[in-house]
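**Q** My file is entry_23.txt. It has compact mmCIF, C-alpha atoms:
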```
# COMPACT_ATOMS: atom_id res chain seq x y z
CA MET Y 1 85.26 95.15 104.28
CA SER Y 2 81.49 95.05 103.96
CA GLU Y 3 81.02 92.46 106.69
CA ARG Y 4 80.89 93.36 110.34
CA PRO Y 5 84.43 93.47 111.78
CA GLN Y 6 85.23 90.57 114.08
CA ALA Y 7 87.63 91.35 116.92
CA ARG Y 8 90.58 89.00 117.26
CA ALA Y 9 93.32 88.71 119.83
CA GLY Y 10 96.72 89.69 118.56
CA SER Y 11 100.16 90.75 119.64
CA ALA Y 12 101.13 94.41 119.66
CA TYR Y 13 103.94 96.78 120.59
CA LEU Y 14 103.07 99.28 123.34
CA VAL Y 15 105.23 102.10 124.68
CA ARG Y 16 104.12 104.91 127.00
CA PRO Y 17 105.85 107.82 128.70
CA GLY Y 18 103.94 106.82 131.84
CA ASP Y 19 105.92 103.59 132.02
CA ASP Y 20 108.80 105.75 133.27
CA GLY Y 21 106.65 107.49 135.85
CA ALA Y 22 105.46 110.41 133.74
CA SER Y 23 101.90 111.04 132.55
CA PRO Y 24 100.63 108.55 129.94
CA GLY Y 25 100.49 111.14 127.15
CA PRO Y 26 98.10 111.45 124.18
CA GLY Y 27 97.57 108.32 122.10
CA VAL Y 28 98.93 107.42 118.67
CA LEU Y 29 97.94 104.18 116.94
CA VAL Y 30 100.59 103.02 114.45
CA LEU Y 31 99.58 100.67 111.62
CA HIS Y 32 102.44 99.03 109.76
CA SER Y 33 102.90 98.24 106.07
CA TRP Y 34 102.86 94.78 104.49
CA TRP Y 35 106.39 94.20 105.83
CA GLY Y 36 104.88 93.53 109.25
CA LEU Y 37 105.61 94.76 112.76
CA THR Y 38 109.32 95.21 112.10
CA ALA Y 39 112.13 96.55 114.25
CA GLY Y 40 111.86 99.76 112.22
CA VAL Y 41 108.20 100.18 113.15
CA LYS Y 42 109.03 99.63 116.81
CA ALA Y 43 111.83 102.19 116.57
CA TYR Y 44 109.35 104.67 115.09
CA CYS Y 45 107.01 103.99 118.02
CA ASN Y 46 109.88 104.56 120.45
CA ARG Y 47 110.62 107.93 118.87
CA LEU Y 48 106.99 108.95 119.28
CA CYS Y 49 107.09 107.83 122.90
CA ASP Y 50 110.22 109.91 123.45
CA GLU Y 51 108.15 112.88 122.26
CA GLY Y 52 105.51 112.23 124.92
CA PHE Y 53 102.98 110.01 123.15
CA ALA Y 54 101.45 106.72 124.26
CA VAL Y 55 101.88 104.45 121.24
CA LEU Y 56 100.31 101.12 120.27
CA ALA Y 57 101.21 99.19 117.11
CA PRO Y 58 99.10 96.05 116.59
CA ASP Y 59 100.60 93.21 114.58
CA LEU Y 60 98.30 93.06 111.56
CA LEU Y 61 100.12 90.05 110.07
CA ASP Y 62 100.15 87.75 113.11
CA GLY Y 63 103.92 87.68 113.45
CA LEU Y 64 104.75 87.31 109.76
CA ALA Y 65 107.63 89.36 108.37
CA PRO Y 66 107.72 89.03 104.56
CA GLN Y 67 111.14 89.55 102.99
CA THR Y 68 110.10 90.21 99.39
CA ALA Y 69 107.23 92.05 97.71
CA ALA Y 70 105.99 88.77 96.22
CA GLU Y 71 105.93 87.13 99.64
CA ALA Y 72 104.20 90.17 101.13
CA GLU Y 73 101.51 90.14 98.43
CA PHE Y 74 100.97 86.41 98.97
CA GLU Y 75 100.62 86.73 102.74
CA LEU Y 76 98.42 89.81 102.45
CA ALA Y 77 96.07 87.93 100.13
CA ARG Y 78 95.70 85.23 102.79
CA THR Y 79 94.68 87.59 105.57
CA ASP Y 80 91.03 88.07 106.48
CA PRO Y 81 90.25 91.79 106.05
CA ASN Y 82 87.25 91.44 108.34
CA ALA Y 83 89.48 90.13 111.13
CA THR Y 84 92.06 92.85 110.48
CA ALA Y 85 89.33 95.48 110.72
CA GLY Y 86 88.30 94.06 114.07
CA LEU Y 87 91.89 94.13 115.30
CA VAL Y 88 92.32 97.77 114.27
CA LEU Y 89 89.15 98.81 116.09
CA SER Y 90 89.86 96.76 119.22
CA SER Y 91 93.38 98.22 119.32
CA THR Y 92 91.84 101.67 119.16
CA VAL Y 93 89.69 100.93 122.20
CA ALA Y 94 92.66 99.51 124.08
CA LEU Y 95 94.91 102.47 123.36
CA ARG Y 96 92.32 105.08 124.28
CA SER Y 97 92.03 103.49 127.72
CA LEU Y 98 95.79 103.90 128.23
CA THR Y 99 96.13 107.59 127.38
CA ASP Y 100 96.00 110.73 129.49
CA ASP Y 101 92.40 111.26 128.30
CA PRO Y 102 90.62 107.89 127.92
CA SER Y 103 87.40 109.54 126.76
CA GLY Y 104 89.10 111.64 124.09
CA PRO Y 105 90.11 110.85 120.50
CA ILE Y 106 93.57 109.72 119.43
CA ALA Y 107 95.73 110.02 116.33
CA VAL Y 108 96.56 107.22 113.89
CA ILE Y 109 99.60 106.86 111.65
CA GLY Y 110 99.66 104.30 108.86
CA PHE Y 111 102.27 103.13 106.37
CA SER Y 112 101.17 101.87 102.94
CA MET Y 113 98.45 99.25 103.65
CA GLY Y 114 98.45 100.58 107.21
CA ALA Y 115 97.62 104.03 105.85
CA SER Y 116 94.60 102.60 104.07
CA TRP Y 117 93.50 101.00 107.33
CA ALA Y 118 94.13 104.26 109.20
CA LEU Y 119 91.86 106.19 106.86
CA TRP Y 120 89.25 103.42 107.00
CA ALA Y 121 89.26 103.44 110.81
CA ALA Y 122 88.88 107.22 110.97
CA ILE Y 123 85.91 107.01 108.63
CA ARG Y 124 84.38 104.02 110.39
CA GLN Y 125 84.84 105.39 113.93
CA PRO Y 126 85.10 109.19 113.66
CA GLU Y 127 84.63 109.79 117.37
CA SER Y 128 87.87 107.91 118.10
CA PHE Y 129 90.26 109.82 115.83
CA ARG Y 130 91.19 113.47 115.60
CA ARG Y 131 94.20 113.17 113.27
CA VAL Y 132 95.28 110.76 110.53
CA VAL Y 133 98.77 110.53 109.07
CA ALA Y 134 99.01 108.50 105.86
CA TYR Y 135 102.38 107.47 104.48
CA TYR Y 136 101.89 106.48 100.82
CA GLY Y 137 98.42 105.01 101.22
CA VAL Y 138 94.95 105.91 99.94
CA GLN Y 139 91.37 104.86 100.68
CA SER Y 140 88.45 104.55 98.27
CA LEU Y 141 85.72 104.91 100.90
CA ALA Y 142 83.57 108.04 101.21
CA VAL Y 143 85.93 110.68 102.59
CA ASP Y 144 83.04 113.09 103.14
CA GLU Y 145 82.40 111.08 106.31
CA LEU Y 146 85.93 111.79 107.53
CA THR Y 147 86.06 114.25 110.43
CA ALA Y 148 89.72 113.88 111.43
CA ASP Y 149 92.44 116.19 110.16
CA VAL Y 150 94.59 114.54 107.48
CA LEU Y 151 98.33 114.68 106.78
CA ALA Y 152 99.59 112.64 103.83
CA HIS Y 153 103.11 111.88 102.62
CA PHE Y 154 103.50 110.64 99.04
CA PRO Y 155 106.56 109.73 96.96
CA GLU Y 156 107.23 111.15 93.52
CA HIS Y 157 107.50 107.70 91.97
CA ASP Y 158 105.03 105.08 93.21
CA ASP Y 159 104.79 101.64 91.62
CA LEU Y 160 102.04 100.50 94.00
CA ILE Y 161 99.62 103.43 93.73
CA GLY Y 162 98.81 104.75 90.28
CA ASP Y 163 98.89 108.46 89.50
CA GLU Y 164 95.18 108.42 88.63
CA GLU Y 165 94.25 106.73 91.91
CA LEU Y 166 96.31 109.21 93.90
CA THR Y 167 94.95 112.22 92.03
CA ASP Y 168 91.40 110.99 92.58
CA PHE Y 169 92.00 110.50 96.30
CA GLU Y 170 93.44 113.98 96.74
CA ALA Y 171 90.64 115.53 94.70
CA ARG Y 172 87.98 113.81 96.80
CA LEU Y 173 89.58 115.10 99.99
CA PHE Y 174 89.58 118.67 98.72
CA GLU Y 175 86.08 118.39 97.26
CA ALA Y 176 84.84 117.24 100.66
CA ARG Y 177 86.47 120.40 102.08
CA LYS Y 178 88.70 118.41 104.40
CA ASP Y 179 91.59 120.84 103.81
CA PRO Y 180 94.20 118.07 103.99
CA GLU Y 181 97.91 118.70 104.37
CA ILE Y 182 99.49 116.77 101.48
CA TRP Y 183 103.19 116.56 100.72
CA HIS Y 184 105.01 115.03 97.76
CA TYR Y 185 108.69 114.15 98.12
CA PRO Y 186 110.79 114.57 94.95
CA GLY Y 187 112.90 111.62 93.88
CA THR Y 188 111.36 109.20 96.37
CA ARG Y 189 109.59 105.86 95.99
CA HIS Y 190 106.98 103.89 97.93
CA PHE Y 191 108.31 102.93 101.40
CA PHE Y 192 110.71 105.89 101.42
CA ALA Y 193 110.26 106.30 105.20
CA GLU Y 194 111.08 102.70 106.14
CA GLU Y 195 114.75 102.23 106.96
CA ALA Y 196 115.07 98.53 106.20
CA GLY Y 197 114.02 98.83 102.55
CA ASP Y 198 116.00 99.80 99.48
CA ALA Y 199 113.57 102.69 98.86
CA PHE Y 200 114.55 104.41 102.11
CA ASP Y 201 115.36 108.08 101.66
CA ALA Y 202 116.84 109.53 104.84
CA PRO Y 203 116.33 113.26 104.09
CA ALA Y 204 112.72 112.73 102.98
CA ALA Y 205 111.97 110.47 105.94
CA ALA Y 206 113.40 113.06 108.33
CA LEU Y 207 111.32 115.84 106.78
CA ALA Y 208 108.18 113.69 106.91
CA TRP Y 209 108.91 112.96 110.57
CA ASP Y 210 109.24 116.64 111.41
CA ARG Y 211 105.99 117.43 109.63
CA THR Y 212 104.23 114.55 111.34
CA LEU Y 213 105.40 115.63 114.78
CA ALA Y 214 104.26 119.22 114.19
CA PHE Y 215 100.90 117.92 112.95
CA LEU Y 216 100.38 115.71 116.01
CA ARG Y 217 101.17 118.58 118.36
CA ARG Y 218 98.64 121.01 116.94
```
Rewrite the structure from the file as structure tokens, please.
**A**
Amino acid sequence: MSERPQARAGSAYLVRPGDDGASPGPGVLVLHSWWGLTAGVKAYCNRLCDEGFAVLAPDLLDGLAPQTAAEAEFELARTDPNATAGLVLSSTVALRSLTDDPSGPIAVIGFSMGASWALWAAIRQPESFRRVVAYYGVQSLAVDELTADVLAHFPEHDDLIGDEELTDFEARLFEARKDPEIWHYPGTRHFFAEEAGDAFDAPAAALAWDRTLAFLRR
């Protein structure tokens, strides 16, 4: 991601309280995992909208919906990270213009690879984000440049993120005095909050949802 991000047109899922005649609400950008912009992601966006948020979820995989981890890895390797970066930033601009405060910052929620992009975006464009929620995703960039508040949800058993990588990420957040809110969920695995997968853990997902909602409303 060292090159300059190039904006690209892409499809997205948008829901707003204002579409029913109410105020637009504060903005939340949702960045999906390598499974794509699934029905589960859209349902998550709908729940946020029901709570009063304007929500935009860009399709980072151009309509692809991998069915296996091997397929997801293959498709992810084919994507242009520079183009994805541009899509994330252009989606941020679009969502801010649709909220109840177009000049103010928004929140971003990311799942797995989407969490890495969420953290990257908050570092790259700090004026646009006030809160970041990361579901089982880390970022190796300089977190001392991060100004947004951070909430992170991690599983106990993660076969995609190593213990050393996770420990290093958490340590860097605390060393940078970011005072993150970090939760670990016993007995869970990567993707524990995504209903369609075999790692889904309903109690943990519900608890993470409650914590996320409280965090967004601060």
**Q** For atom CA of Ala208 of chain Y and atom CA of Val28 of chain Y, quote the distance in Å rounded to one decimal.
**A**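 These atoms are spaced 16.2 Å apart.
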**Q** Tell me, as a short mmCIF file (atom, residue, chain, number, x, y, z; two decimals) with C-alpha atoms, in the coordinates of the input, which residues lie within 9 Å of segment 181-188 of chain Y, counting all atoms listed in the file; anything in the same chain fewer than 4 positions away does not count.
**A**
```cif
data_model
loop_
_atom_site.label_atom_id
_atom_site.label_comp_id
_atom_site.auth_asym_id
_atom_site.auth_seq_id
_atom_site.Cartn_x
_atom_site.Cartn_y
_atom_site.Cartn_z
CA ASP Y 149 92.44 116.19 110.16
CA VAL Y 150 94.59 114.54 107.48
CA LEU Y 151 98.33 114.68 106.78
CA ALA Y 152 99.59 112.64 103.83
CA HIS Y 153 103.11 111.88 102.62
CA PHE Y 154 103.50 110.64 99.04
CA PRO Y 155 106.56 109.73 96.96
CA GLU Y 156 107.23 111.15 93.52
CA HIS Y 157 107.50 107.70 91.97
CA ASP Y 158 105.03 105.08 93.21
CA GLU Y 170 93.44 113.98 96.74
CA PHE Y 192 110.71 105.89 101.42
CA ALA Y 199 113.57 102.69 98.86
CA PHE Y 200 114.55 104.41 102.11
CA ASP Y 201 115.36 108.08 101.66
CA ALA Y 204 112.72 112.73 102.98
CA ALA Y 208 108.18 113.69 106.91
#
```
**Q** Write out, as a Markdown table, each residue of segment 109-209 of chain Y that has an atom at most 10 Å from segment 92-105 of chain Y, together with the closest pair of atoms and their distance in Å to one decimal, counting all atoms listed in the file, rows going by chain and rising number.
**A**
```
| residue | atom | partner | partner_atom | distance |
| --- | --- | --- | --- | --- |
| Y:Ala121 | CA | Y:Thr92 | CA | 8.9 |
| Y:Gln125 | CA | Y:Thr92 | CA | 9.5 |
| Y:Pro126 | CA | Y:Pro105 | CA | 8.6 |
| Y:Glu127 | CA | Y:Pro105 | CA | 6.4 |
| Y:Ser128 | CA | Y:Pro105 | CA | 4.4 |
| Y:Phe129 | CA | Y:Pro105 | CA | 4.8 |
| Y:Arg130 | CA | Y:Pro105 | CA | 5.7 |
| Y:Arg131 | CA | Y:Pro105 | CA | 8.6 |
| Y:Ala148 | CA | Y:Pro105 | CA | 9.6 |
```
**Q** For Leu213 of chain Y, which residue out of Y:Phe74, Y:Phe191, Y:Tyr13, Y:Tyr44 is the nearest one, using only C-alpha atoms?
**A**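 For Leu213 of chain Y, the nearest of the given residues is Y:Tyr44.
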**Q** Could you tell me how far atom CA of Ser91 of chain Y lies from atom CA of Asp59 of chain Y, in Å and to one decimal?
**A**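 According to the coordinates, atom CA of Ser91 of chain Y and atom CA of Asp59 of chain Y are separated by 10.0 Å.
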**Q** Measure the distance from atom CA of His32 of chain Y to atom CA of Gly162 of chain Y in Å and round it to one decimal.
**A**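 Spanning atom CA of His32 of chain Y to atom CA of Gly162 of chain Y is a straight-line distance of 20.6 Å.
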**Q** Neighbouring residues of Leu37 of chain Y were defined as those with any atom within 12 Å, considering only C-alpha atoms; residues of the same chain fewer than 3 positions away were excluded. Please report them as a PyMOL selection string.
**A** chain Y and resi 10-14+30-34+40-45+56-66+110-111+114+194
**Q** When distances are computed from only C-alpha atoms, which of Y:Ile109, Y:Ala171, Y:Ala214, Y:Ala142 shows the smallest separation from Arg124 of chain Y?
**A**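 Of all the options, Y:Ala142 lies closest to Arg124 of chain Y.
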**Q** Around the point (97.4, 107.6, 116.9) (coordinates from the file), which residues reach within 6 Å if we count only C-alpha atoms? Answer as a ChimeraX atom specification.
**A** /Y:27-29,106-109
**Q** Please, could you write that set of residues out with C-alpha atoms as a PDB file, in the frame of the given file?
**A**
```
ATOM      1  CA  GLY Y  27      97.570 108.320 122.100  1.00  0.00           C
ATOM      2  CA  VAL Y  28      98.930 107.420 118.670  1.00  0.00           C
ATOM      3  CA  LEU Y  29      97.940 104.180 116.940  1.00  0.00           C
ATOM      4  CA  ILE Y 106      93.570 109.720 119.430  1.00  0.00           C
ATOM      5  CA  ALA Y 107      95.730 110.020 116.330  1.00  0.00           C
ATOM      6  CA  VAL Y 108      96.560 107.220 113.890  1.00  0.00           C
ATOM      7  CA  ILE Y 109      99.600 106.860 111.650  1.00  0.00           C
TER       8      ILE Y 109
END
```
**Q** Pick from Y:Arg217, Y:Tyr136, Y:Thr147, Y:Phe174: nearest to Ala193 of chain Y, with only C-alpha atoms counted?
**A**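 Among the listed residues, Y:Tyr136 lies closest to Ala193 of chain Y.
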**Q** Taking all atoms of segment 133-140 of chain Y that appear in the file, build a box with edges along x, y and z, extend it by 6 Å on every side, and state its centre and edge lengths in Å to one decimal, as lines of an AutoDock Vina configuration file.
**A**
```
center_x = 95.4
center_y = 107.5
center_z = 103.7
size_x = 25.9
size_y = 18.0
size_z = 22.8
```
**Q** Which residue is closest to Pro81 of chain Y? Choose from Y:Met113, Y:Gln67, Y:Val15, Y:Pro180 and count all atoms listed in the file.
**A**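 With all atoms listed in the file as the atom set, the closest residue is Y:Met113.
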